[in-house]
Amino acid sequence: MSKRIVIVGGGPAGTQLARALDDVADVTLIEPRSHFVHAPAMIRTLVTPELLERALIPYGAYLKRGRHLRGKAVAVDEGGVTLDDGSRVEGDVIVIATGSENATPFKPKGADIEAFRAEVARVHGMLEAARSVAIVGAGAVGTELAGEIAHFMPEKAVTLISDQPSLFPDKPARFGRALAKKLQAAGVKLVFGARAENLESLSEPYAGRLRLTNGEEIEADLIFPTIGSRAVTDLLDALPGVEKVSANRVKVDPWLRPSSLPNVFAVGDIADTGDGMSIISLSRQVPWLAKTLKAVLKGRAVESLKPYAKWKNAPILVPLGPEKGNTFLGGLTLGDWATSRMKGRGLFLARRRKELAAD
């Protein structure tokens with residue numbers, strides 16, 4: 001009899017892991033949404049809303065042996081997962097891959113895809129009507145958003161505000177410097193080393209006046225808070241030994257286990273592995289976990305296997321619209337051509353649709 005693996009969360013981590021294990025185990029993936037939300041494309045949907053329908057991907061028959069179960073998990077234990085309708089999915093191995101949430105409309109707040117469509121349309125309308133835009137937070141989301149608006153809506157006055165001394169200060173100076181020059185050349189005003197003291201919302205765009213710690217005041221028709229993602233880890237709260245850290249992530253042991261339960265694993269944004277909360281991190285975590293679980297299914301003890309090792313020089317791709325941007329890869333900073341072809345033009349969308357058997 002095949003071992004049973006239950007994966008909670010149908011985002012990129014969960015779906016990729018399910019596909020990797022589909023031929024060696026009885027896989028059940030639990031996800032409440034009707035569509036996969038392709039997060040790398042959500043920023044661009046604000047400036048080109050016609051992209052949204054391709055970026056909301058109906059879950060196709062992407063599992064050949066396993067099943068995709070539409071439902072909401074409310075509890076997990078060593079024996080399986082309980083759903084909100086009271087039913088149970090039993091499992092020998094349970095993987096939690098519930099991902100993260102971000103400000104509206106970069107990720108949906110719940111399972112209602114129609115409500116998310118309406119929210120994207122609403123914010124696009126606000127953006128179209130705005131003459132001035134302020135973006136608070138200059139991580140990947142904020143920087144990409146500034147670049148997308150500058151490319152597709154060059155008539156907008158865009159200000160990008162960061163409490164850091166430069167863009168991406170944890171990367172080589174050349175990387176952040178190149179992005180800053182391109183944004184400034186596109187007309188984006190950059191404000192470094194200042195925080196907004198009076199943000200009215202951390203989760204939704206709004207119109208108002210920002211008061212910065214450097215004494216500057218900025219009035220904008222539309223203010224986007226883009227101050228980082230927060231892991232969705234409530235499902236793990238009741239497990240023994242769970243400890244949460246910054247951004248609501250959970251500590252994991254060297255084999256990505258978040259609690260004292262030996263057969264429960266965590267992967268992706270929820271796991272405090274030392275990696276960033278990014279799609280790129282999954283390209284390391286998911287193959288490692290798939291290989292580890294295949295060995296476990298063959299009878300190997302988890303502790304006898306090679307522990308997970310985080311990225312030492314994690315790549316990052318930051319497009320500024322479809323044609324410009326910068327990429328840090330293999331210790332090198334790459335420019336417009338490479339960034340456009342790796343991410344900027346397609347946003348990984350064709351590949352994800354193929355993986356989910358949508359095309």
# chains A, B, ... in the order shown; residues from 1 in each chain; ligands from 1
>>> residues_around(residues="A:Ala150", least_positions_apart="5", cutoff="12 Å", atoms="only C-alpha atoms", output="list of chain:residue names")
A:Arg44, A:Val47, A:Ser132, A:Val133, A:Thr143, A:Glu144, A:Leu145, A:Glu155, A:Lys156, A:Ala157, A:Val158, A:Thr159, A:Leu160, A:Lys182, A:Leu183, A:Gln184, A:Ala185, A:Ala186, A:Gly187, A:Val188, A:Lys189, A:Pro319, A:Leu320, A:Gly321, A:Pro322, A:Glu323, A:Lys324
>>> select_by_dssp(residues="stretch 35-220 of chain A", states="helix (DSSP H, G or I)", output="VMD selection string")
chain A and resid 39 to 45 49 to 55 113 to 129 140 to 152 173 to 185
>>> residues_around(residues="stretch 246-254 of chain A", least_positions_apart="4", cutoff="8 Å", atoms="only C-alpha atoms", output="JSON, numbers by chain")
{"A": [229, 230, 231, 232, 233, 242, 258, 259, 266, 269, 270, 271, 272, 273, 307, 308]}
>>> residues_around(residues="stretch 101-115 of chain A", least_positions_apart="2", cutoff="6 Å", atoms="only C-alpha atoms", output="PyMOL selection string")
chain A and resi 32-33+42+117-118+120+203-204+229-230
>>> residues_around(residues="A:Ala140", least_positions_apart="5", cutoff="12 Å", atoms="only C-alpha atoms", output="JSON, numbers by chain")
{"A": [40, 43, 106, 135, 145, 146, 147, 148, 160, 162, 167, 168, 176, 179, 226, 227, 228, 229, 276, 277, 278, 279, 316, 317, 318, 319, 320, 325, 326, 327]}
>>> closest_residue(among="A:Met342, A:Met153, A:Ile7, A:Leu17", to="A:Lys72", atoms="only C-alpha atoms")
A:Ile7
>>> residues_around(residues="A:Ala121", least_positions_apart="4", cutoff="8 Å", atoms="only C-alpha atoms", output="number ranges by chain")
A: 46, 49, 117, 125
>>> write_last_selection(atoms="C-alpha atoms", output="PDB file, in the first residue's frame")
ATOM      1  CA  LEU A  46      -2.880  46.603 -11.590  1.00  0.00           C
ATOM      2  CA  PRO A  49      -5.872  44.248 -15.785  1.00  0.00           C
ATOM      3  CA  ARG A 117     -11.299  39.915  -9.155  1.00  0.00           C
ATOM      4  CA  GLY A 125      -9.637  52.107 -11.110  1.00  0.00           C
TER       5      GLY A 125
END
>>> select_by_dssp(residues="stretch 269-353 of chain A", states="strand (DSSP E or B)", output="list in words")
Ala271, Asp272, Ile316, Leu317, Val318, Pro319, Gly325, Asn326, Thr327, Phe328, Leu329, Leu332, Thr333 and Leu334 of chain A
>>> closest_residue(among="A:Glu217, A:Asp234, A:Glu31, A:Asp22", to="A:Ala75", atoms="only C-alpha atoms")
A:Asp234
>>> residues_around(residues="A:Pro172", least_positions_apart="3", cutoff="9 Å", atoms="only C-alpha atoms", output="number ranges by chain")
A: 168-169, 175-177, 328, 331-333
>>> write_last_selection(atoms="N, CA and C atoms", output="PDB file, in the first residue's frame")
ATOM      1  N   PHE A 168      17.703  47.347  -1.610  1.00  0.00           N
ATOM      2  CA  PHE A 168      18.271  46.022  -1.384  1.00  0.00           C
ATOM      3  C   PHE A 168      19.680  46.095  -0.788  1.00  0.00           C
ATOM      4  N   PRO A 169      19.805  46.685   0.390  1.00  0.00           N
ATOM      5  CA  PRO A 169      21.132  46.858   0.988  1.00  0.00           C
ATOM      6  C   PRO A 169      21.806  45.549   1.372  1.00  0.00           C
ATOM      7  N   PHE A 175      23.860  46.204  -7.401  1.00  0.00           N
ATOM      8  CA  PHE A 175      22.508  45.746  -7.721  1.00  0.00           C
ATOM      9  C   PHE A 175      21.475  46.825  -7.392  1.00  0.00           C
ATOM     10  N   GLY A 176      21.470  47.304  -6.162  1.00  0.00           N
ATOM     11  CA  GLY A 176      20.518  48.340  -5.772  1.00  0.00           C
ATOM     12  C   GLY A 176      20.746  49.653  -6.484  1.00  0.00           C
ATOM     13  N   ARG A 177      22.015  49.987  -6.717  1.00  0.00           N
ATOM     14  CA  ARG A 177      22.350  51.234  -7.395  1.00  0.00           C
ATOM     15  C   ARG A 177      21.802  51.243  -8.814  1.00  0.00           C
ATOM     16  N   PHE A 328      20.106  39.454  -9.522  1.00  0.00           N
ATOM     17  CA  PHE A 328      21.313  39.014  -8.825  1.00  0.00           C
ATOM     18  C   PHE A 328      21.318  37.492  -8.869  1.00  0.00           C
ATOM     19  N   GLY A 331      26.127  35.414  -7.724  1.00  0.00           N
ATOM     20  CA  GLY A 331      27.087  36.428  -7.318  1.00  0.00           C
ATOM     21  C   GLY A 331      27.262  37.558  -8.311  1.00  0.00           C
ATOM     22  N   LEU A 332      26.530  37.511  -9.428  1.00  0.00           N
ATOM     23  CA  LEU A 332      26.645  38.527 -10.465  1.00  0.00           C
ATOM     24  C   LEU A 332      25.373  39.357 -10.544  1.00  0.00           C
ATOM     25  N   THR A 333      25.518  40.620 -10.936  1.00  0.00           N
ATOM     26  CA  THR A 333      24.372  41.472 -11.218  1.00  0.00           C
ATOM     27  C   THR A 333      24.148  41.511 -12.716  1.00  0.00           C
TER      28      THR A 333
END
>>> closest_residue(among="A:Ser340, A:Asn263, A:Ser304, A:Gln285", to="A:Asp77", atoms="only C-alpha atoms")
A:Asn263
>>> closest_atom_pairs(of="stretch 24-62 of chain A", to="stretch 347-352 of chain A", cutoff="10 Å", atoms="only C-alpha atoms", output="JSON lines")
{"residue": "A:Phe36", "atom": "CA", "partner": "A:Arg352", "partner_atom": "CA", "distance": 9.4}
{"residue": "A:His38", "atom": "CA", "partner": "A:Leu349", "partner_atom": "CA", "distance": 7.3}
{"residue": "A:Ala39", "atom": "CA", "partner": "A:Leu347", "partner_atom": "CA", "distance": 9.3}
{"residue": "A:Pro40", "atom": "CA", "partner": "A:Leu347", "partner_atom": "CA", "distance": 6.0}
{"residue": "A:Ala41", "atom": "CA", "partner": "A:Leu347", "partner_atom": "CA", "distance": 5.9}
{"residue": "A:Met42", "atom": "CA", "partner": "A:Leu347", "partner_atom": "CA", "distance": 9.6}
{"residue": "A:Arg44", "atom": "CA", "partner": "A:Leu347", "partner_atom": "CA", "distance": 9.2}
{"residue": "A:Arg54", "atom": "CA", "partner": "A:Leu349", "partner_atom": "CA", "distance": 7.9}
{"residue": "A:Ala55", "atom": "CA", "partner": "A:Leu349", "partner_atom": "CA", "distance": 6.9}
{"residue": "A:Leu56", "atom": "CA", "partner": "A:Leu349", "partner_atom": "CA", "distance": 10.0}
{"residue": "A:Ile57", "atom": "CA", "partner": "A:Arg352", "partner_atom": "CA", "distance": 8.6}
